[in-house]
Amino acid sequence: MGLGSAETSSFMGDFLEKCGGYGVVDGGFATELERHGADLNDPLWSAKCLISSPHLVRRVHLDYLGAGANIIISGSYQATIQGFEAKGFSKEEGEALLKKSVEIACEAREIYHDRCTKDSLDFAENGSSERRPVLVAASVGSYGAYLADGSEYSGNYGDAVTLETLKDFHRRRVQILANSGADLIAFETTPNKLEAKAYAELLEEEGIDIPAWFSFSSTDGTNAASGDPISECASVADSCKQVVAIGINCTPPRYISSLISSIRKVSSKPVVIYPNSGETYDARSKQWIRTNGVVDEDFVSYVGKWKEAGASLFGGCCRTTPNTIRAISKAL
Ligand SMILES: C[S+](C)CC[C@H](N)C(=O)O
Ligand SMILES: N[C@@H](CCS)C(=O)O
Ligand SMILES: [Zn+2]
């Protein structure tokens, strides 16, 4: 069931309160599948595992829950009806795979909570059996993710791609994910303002009644990946009533503090950040180049600064692991 606009506006505040003020987001999902042996050299990238290895998808979600995540993000980042159709699936089969991504995450949450109850783990110290709050966010990767050429780090879609193109591209997927049982939609690795506008208009036009966050990628600490000022991108998100958090993901840790400050200048909505390891992605070989990466200890040493800058939700993106999330959870 969806929320009215009054409920939407307090959704994240209430959740953060239940979490004790700060929330923990999961870590790299696709790169964790790879660490477990999945080959993601495919136009569907991590969405390939929804077809070939759903057990692995569930396992990665469970690992992040075990590490302390309050929000797990579904494996639908690069799952698009268009992408599945290109692989020979029907529209209906593509839609079923999208739903499946959220169902697996919800199933993992149930398994995790059952285990906690059984083992009496995760209980509050006073002996109460209150469960750690956990939300399932349905991932929507950008149009650039679907292109599978690393465009989510450039945001250059060319002049032929208009606001309407982007809205039409995302429309059906967003409708399906909004009715999949997810608690919110995570629009991730958004590289430009145009796509943020497309999301905002789509949420409004389609009457989407579950909350959403808009998260942007950056390659310089000031702008979204396309060069659009992050303040302008965040303003688009701020004026969308379904948006309950605004943030940055899949961006090197060294750029995050200044980006949080820029967002805070234009919005009082909670800020979510889940940086990558700082390594560089080579879209052609679909491999990570181990330069400028930070080890978990360094990553976590940033958390205090990100908190000071005004973030409320903290996690990791590509090449971070359950260890990173465990360390963030401890640090908070
Ligand atoms: C955030 S990037 C590492 C995701 C993968 C990209 N869309 C690709 O298909 O290569
Ligand atoms: N939630 C996605 C984001 C990729 S940039 C993942 O972790 O694979
Ligand atoms: Zn990432």
# chains A, B, ... in the order shown; residues from 1 in each chain; ligands from 1

call {"tool": "residues_near_ligand", "arguments": {"ligand": "ligand 3", "cutoff": "7 Å", "atoms": "only C-alpha atoms and all ligand atoms", "output": "ChimeraX atom specification"}}
result
/A:28,249-250,276,317-318

call {"tool": "residues_near_ligand", "arguments": {"ligand": "ligand 2", "cutoff": "10 Å", "atoms": "only C-alpha atoms and all ligand atoms", "output": "count of residues only"}}
result
47

call {"tool": "closest_residue", "arguments": {"among": "A:Ala225, A:Leu166, A:Leu44, A:Leu3", "to": "ligand 1", "atoms": "only C-alpha atoms and all ligand atoms"}}
result
A:Leu44

call {"tool": "closest_residue", "arguments": {"among": "A:Gly293, A:Gly13, A:Pro133, A:Gly221", "to": "Ser257 of chain A", "atoms": "only C-alpha atoms"}}
result
A:Gly221

call {"tool": "residues_around", "arguments": {"residues": "Val244 of chain A", "least_positions_apart": "4", "cutoff": "6 Å", "atoms": "only C-alpha atoms", "output": "VMD selection string"}}
result
chain A and resid 12 212 to 213

call {"tool": "write_last_selection", "arguments": {"atoms": "N, CA, C and O atoms", "output": "tab-separated table (two decimals), in the first residue's frame"}}
result
chain	number	residue	atom	x	y	z
A	12	MET	N	11.13	9.15	5.95
A	12	MET	CA	12.55	8.93	6.24
A	12	MET	C	12.92	9.41	7.64
A	12	MET	O	13.73	8.78	8.32
A	212	ALA	N	10.88	7.80	-2.66
A	212	ALA	CA	12.05	7.56	-3.53
A	212	ALA	C	13.23	8.36	-3.02
A	212	ALA	O	13.06	9.34	-2.30
A	213	TRP	N	14.44	7.89	-3.37
A	213	TRP	CA	15.58	8.81	-3.23
A	213	TRP	C	16.22	8.98	-4.59
A	213	TRP	O	16.13	8.11	-5.44

call {"tool": "closest_residue", "arguments": {"among": "A:Leu135, A:Ile246, A:Cys233, A:Ile81", "to": "Lys18 of chain A", "atoms": "only C-alpha atoms"}}
result
A:Leu135

call {"tool": "closest_residue", "arguments": {"among": "A:Asp220, A:Glu279, A:Glu164, A:Glu205", "to": "ligand 1", "atoms": "only C-alpha atoms and all ligand atoms"}}
result
A:Glu279

call {"tool": "closest_residue", "arguments": {"among": "A:Ser329, A:Ser285, A:Ser239, A:Ser180", "to": "ligand 1", "atoms": "only C-alpha atoms and all ligand atoms"}}
result
A:Ser285

call {"tool": "select_by_dssp", "arguments": {"residues": "segment 202-279 of chain A", "states": "strand (DSSP E or B)", "output": "list in words"}}
result
Ala212, Trp213, Phe214, Ser215, Phe216, Asn223, Pro229, Val243, Val244, Ala245, Ile246, Gly247, Ile248, Asn249, Val271, Val272, Ile273 and Tyr274 of chain A

call {"tool": "write_last_selection", "arguments": {"atoms": "N, CA and C atoms", "output": "compact mmCIF listing (two decimals), in the first residue's frame"}}
result
# COMPACT_ATOMS: atom_id res chain seq x y z
N ALA A 212 10.88 7.80 -2.66
CA ALA A 212 12.05 7.56 -3.53
C ALA A 212 13.23 8.36 -3.02
N TRP A 213 14.44 7.89 -3.37
CA TRP A 213 15.58 8.81 -3.23
C TRP A 213 16.22 8.98 -4.59
N PHE A 214 16.82 10.16 -4.77
CA PHE A 214 17.58 10.45 -5.99
C PHE A 214 19.05 10.51 -5.57
N SER A 215 19.85 9.68 -6.19
CA SER A 215 21.28 9.69 -5.87
C SER A 215 22.07 9.92 -7.16
N PHE A 216 23.06 10.79 -7.07
CA PHE A 216 23.81 11.23 -8.25
C PHE A 216 25.25 10.69 -8.22
N ASN A 223 30.18 18.80 -9.26
CA ASN A 223 29.12 18.62 -10.25
C ASN A 223 28.70 17.16 -10.32
N PRO A 229 25.82 21.32 -12.21
CA PRO A 229 26.13 21.53 -10.78
C PRO A 229 25.27 20.63 -9.89
N VAL A 243 10.29 12.51 -3.02
CA VAL A 243 11.70 12.29 -2.68
C VAL A 243 11.92 12.47 -1.18
N VAL A 244 12.42 11.41 -0.54
CA VAL A 244 12.63 11.44 0.91
C VAL A 244 14.11 11.51 1.30
N ALA A 245 14.98 11.41 0.32
CA ALA A 245 16.42 11.59 0.58
C ALA A 245 17.10 11.91 -0.74
N ILE A 246 18.20 12.64 -0.63
CA ILE A 246 18.96 13.06 -1.82
C ILE A 246 20.41 12.70 -1.56
N GLY A 247 21.11 12.21 -2.56
CA GLY A 247 22.49 11.86 -2.24
C GLY A 247 23.40 11.60 -3.41
N ILE A 248 24.48 10.90 -3.06
CA ILE A 248 25.57 10.62 -3.99
C ILE A 248 25.95 9.15 -3.83
N ASN A 249 26.14 8.47 -4.95
CA ASN A 249 26.67 7.10 -4.87
C ASN A 249 27.66 6.85 -6.00
N VAL A 271 20.27 13.36 3.70
CA VAL A 271 21.28 13.09 2.65
C VAL A 271 21.78 11.65 2.78
N VAL A 272 21.76 10.94 1.66
CA VAL A 272 22.24 9.55 1.63
C VAL A 272 23.53 9.50 0.80
N ILE A 273 24.55 8.83 1.35
CA ILE A 273 25.78 8.71 0.57
C ILE A 273 26.26 7.25 0.61
N TYR A 274 26.61 6.75 -0.55
CA TYR A 274 27.23 5.42 -0.60
C TYR A 274 28.26 5.39 -1.72

call {"tool": "atom_distance", "arguments": {"atom1": "atom CA of Arg264 of chain A", "atom2": "atom CA of Ser9 of chain A"}}
result
17.0 Å

call {"tool": "residues_around", "arguments": {"residues": "Val161 of chain A", "least_positions_apart": "6", "cutoff": "12 Å", "atoms": "only C-alpha atoms", "output": "list in words"}}
result
Tyr143, Gly144, Gly155, Lys167, Asp168, Phe169, Leu194, Glu195 and Ala198 of chain A

call {"tool": "closest_residue", "arguments": {"among": "A:Thr8, A:Thr117, A:Asn323, A:Gln287", "to": "ligand 1", "atoms": "only C-alpha atoms and all ligand atoms"}}
result
A:Gln287

call {"tool": "decode", "arguments": {"residues": "segment 239-262 of chain A", "atoms": "N, CA, C and O atoms", "output": "PDB file, in the first residue's frame"}}
result
ATOM      1  N   SER A 239      12.464  19.519  -4.954  1.00  0.00           N
ATOM      2  CA  SER A 239      11.097  19.979  -5.229  1.00  0.00           C
ATOM      3  C   SER A 239      10.134  18.839  -5.573  1.00  0.00           C
ATOM      4  O   SER A 239       8.961  19.084  -5.823  1.00  0.00           O
ATOM      5  N   CYS A 240      10.615  17.620  -5.569  1.00  0.00           N
ATOM      6  CA  CYS A 240       9.740  16.475  -5.863  1.00  0.00           C
ATOM      7  C   CYS A 240       9.206  15.919  -4.535  1.00  0.00           C
ATOM      8  O   CYS A 240       9.988  15.504  -3.673  1.00  0.00           O
ATOM      9  N   LYS A 241       7.896  15.908  -4.376  1.00  0.00           N
ATOM     10  CA  LYS A 241       7.358  15.571  -3.047  1.00  0.00           C
ATOM     11  C   LYS A 241       7.575  14.107  -2.658  1.00  0.00           C
ATOM     12  O   LYS A 241       7.626  13.777  -1.485  1.00  0.00           O
ATOM     13  N   GLN A 242       7.730  13.219  -3.625  1.00  0.00           N
ATOM     14  CA  GLN A 242       7.966  11.804  -3.274  1.00  0.00           C
ATOM     15  C   GLN A 242       9.408  11.549  -2.804  1.00  0.00           C
ATOM     16  O   GLN A 242       9.698  10.476  -2.269  1.00  0.00           O
ATOM     17  N   VAL A 243      10.289  12.509  -3.021  1.00  0.00           N
ATOM     18  CA  VAL A 243      11.699  12.288  -2.677  1.00  0.00           C
ATOM     19  C   VAL A 243      11.925  12.468  -1.176  1.00  0.00           C
ATOM     20  O   VAL A 243      11.629  13.526  -0.617  1.00  0.00           O
ATOM     21  N   VAL A 244      12.424  11.406  -0.537  1.00  0.00           N
ATOM     22  CA  VAL A 244      12.629  11.437   0.915  1.00  0.00           C
ATOM     23  C   VAL A 244      14.107  11.510   1.296  1.00  0.00           C
ATOM     24  O   VAL A 244      14.434  11.642   2.470  1.00  0.00           O
ATOM     25  N   ALA A 245      14.981  11.411   0.318  1.00  0.00           N
ATOM     26  CA  ALA A 245      16.421  11.590   0.585  1.00  0.00           C
ATOM     27  C   ALA A 245      17.103  11.913  -0.740  1.00  0.00           C
ATOM     28  O   ALA A 245      16.643  11.504  -1.804  1.00  0.00           O
ATOM     29  N   ILE A 246      18.200  12.644  -0.629  1.00  0.00           N
ATOM     30  CA  ILE A 246      18.955  13.056  -1.824  1.00  0.00           C
ATOM     31  C   ILE A 246      20.413  12.700  -1.557  1.00  0.00           C
ATOM     32  O   ILE A 246      20.888  12.880  -0.426  1.00  0.00           O
ATOM     33  N   GLY A 247      21.111  12.215  -2.559  1.00  0.00           N
ATOM     34  CA  GLY A 247      22.490  11.863  -2.243  1.00  0.00           C
ATOM     35  C   GLY A 247      23.402  11.595  -3.406  1.00  0.00           C
ATOM     36  O   GLY A 247      23.137  11.977  -4.547  1.00  0.00           O
ATOM     37  N   ILE A 248      24.475  10.902  -3.055  1.00  0.00           N
ATOM     38  CA  ILE A 248      25.570  10.617  -3.985  1.00  0.00           C
ATOM     39  C   ILE A 248      25.950   9.146  -3.826  1.00  0.00           C
ATOM     40  O   ILE A 248      26.060   8.653  -2.702  1.00  0.00           O
ATOM     41  N   ASN A 249      26.144   8.471  -4.952  1.00  0.00           N
ATOM     42  CA  ASN A 249      26.670   7.096  -4.870  1.00  0.00           C
ATOM     43  C   ASN A 249      27.660   6.853  -5.996  1.00  0.00           C
ATOM     44  O   ASN A 249      27.781   7.637  -6.947  1.00  0.00           O
ATOM     45  N   CYS A 250      28.358   5.734  -5.869  1.00  0.00           N
ATOM     46  CA  CYS A 250      29.356   5.309  -6.860  1.00  0.00           C
ATOM     47  C   CYS A 250      30.297   6.429  -7.291  1.00  0.00           C
ATOM     48  O   CYS A 250      30.557   6.630  -8.472  1.00  0.00           O
ATOM     49  N   THR A 251      30.803   7.109  -6.300  1.00  0.00           N
ATOM     50  CA  THR A 251      31.687   8.265  -6.474  1.00  0.00           C
ATOM     51  C   THR A 251      32.831   8.083  -5.472  1.00  0.00           C
ATOM     52  O   THR A 251      32.586   7.588  -4.369  1.00  0.00           O
ATOM     53  N   PRO A 252      34.066   8.444  -5.837  1.00  0.00           N
ATOM     54  CA  PRO A 252      35.174   8.229  -4.891  1.00  0.00           C
ATOM     55  C   PRO A 252      34.968   8.946  -3.547  1.00  0.00           C
ATOM     56  O   PRO A 252      34.467  10.079  -3.513  1.00  0.00           O
ATOM     57  N   PRO A 253      35.366   8.295  -2.456  1.00  0.00           N
ATOM     58  CA  PRO A 253      35.173   8.878  -1.116  1.00  0.00           C
ATOM     59  C   PRO A 253      35.728  10.303  -0.985  1.00  0.00           C
ATOM     60  O   PRO A 253      35.138  11.137  -0.282  1.00  0.00           O
ATOM     61  N   ARG A 254      36.836  10.600  -1.693  1.00  0.00           N
ATOM     62  CA  ARG A 254      37.452  11.917  -1.503  1.00  0.00           C
ATOM     63  C   ARG A 254      36.571  13.074  -1.982  1.00  0.00           C
ATOM     64  O   ARG A 254      36.792  14.217  -1.616  1.00  0.00           O
ATOM     65  N   TYR A 255      35.569  12.795  -2.804  1.00  0.00           N
ATOM     66  CA  TYR A 255      34.698  13.863  -3.317  1.00  0.00           C
ATOM     67  C   TYR A 255      33.430  14.081  -2.487  1.00  0.00           C
ATOM     68  O   TYR A 255      32.675  15.026  -2.746  1.00  0.00           O
ATOM     69  N   ILE A 256      33.184  13.195  -1.535  1.00  0.00           N
ATOM     70  CA  ILE A 256      31.853  13.162  -0.918  1.00  0.00           C
ATOM     71  C   ILE A 256      31.540  14.368  -0.010  1.00  0.00           C
ATOM     72  O   ILE A 256      30.449  14.941  -0.085  1.00  0.00           O
ATOM     73  N   SER A 257      32.498  14.780   0.833  1.00  0.00           N
ATOM     74  CA  SER A 257      32.191  15.839   1.813  1.00  0.00           C
ATOM     75  C   SER A 257      31.674  17.105   1.139  1.00  0.00           C
ATOM     76  O   SER A 257      30.658  17.682   1.546  1.00  0.00           O
ATOM     77  N   SER A 258      32.375  17.538   0.094  1.00  0.00           N
ATOM     78  CA  SER A 258      31.964  18.793  -0.550  1.00  0.00           C
ATOM     79  C   SER A 258      30.608  18.636  -1.237  1.00  0.00           C
ATOM     80  O   SER A 258      29.809  19.581  -1.280  1.00  0.00           O
ATOM     81  N   LEU A 259      30.332  17.448  -1.734  1.00  0.00           N
ATOM     82  CA  LEU A 259      29.032  17.223  -2.396  1.00  0.00           C
ATOM     83  C   LEU A 259      27.896  17.264  -1.372  1.00  0.00           C
ATOM     84  O   LEU A 259      26.831  17.821  -1.631  1.00  0.00           O
ATOM     85  N   ILE A 260      28.146  16.686  -0.186  1.00  0.00           N
ATOM     86  CA  ILE A 260      27.119  16.738   0.879  1.00  0.00           C
ATOM     87  C   ILE A 260      26.824  18.209   1.197  1.00  0.00           C
ATOM     88  O   ILE A 260      25.658  18.629   1.288  1.00  0.00           O
ATOM     89  N   SER A 261      27.890  19.002   1.359  1.00  0.00           N
ATOM     90  CA  SER A 261      27.688  20.420   1.705  1.00  0.00           C
ATOM     91  C   SER A 261      26.866  21.120   0.632  1.00  0.00           C
ATOM     92  O   SER A 261      25.971  21.916   0.948  1.00  0.00           O
ATOM     93  N   SER A 262      27.144  20.841  -0.633  1.00  0.00           N
ATOM     94  CA  SER A 262      26.377  21.494  -1.715  1.00  0.00           C
ATOM     95  C   SER A 262      24.913  21.088  -1.670  1.00  0.00           C
ATOM     96  O   SER A 262      24.027  21.903  -1.913  1.00  0.00           O
TER      97      SER A 262
END
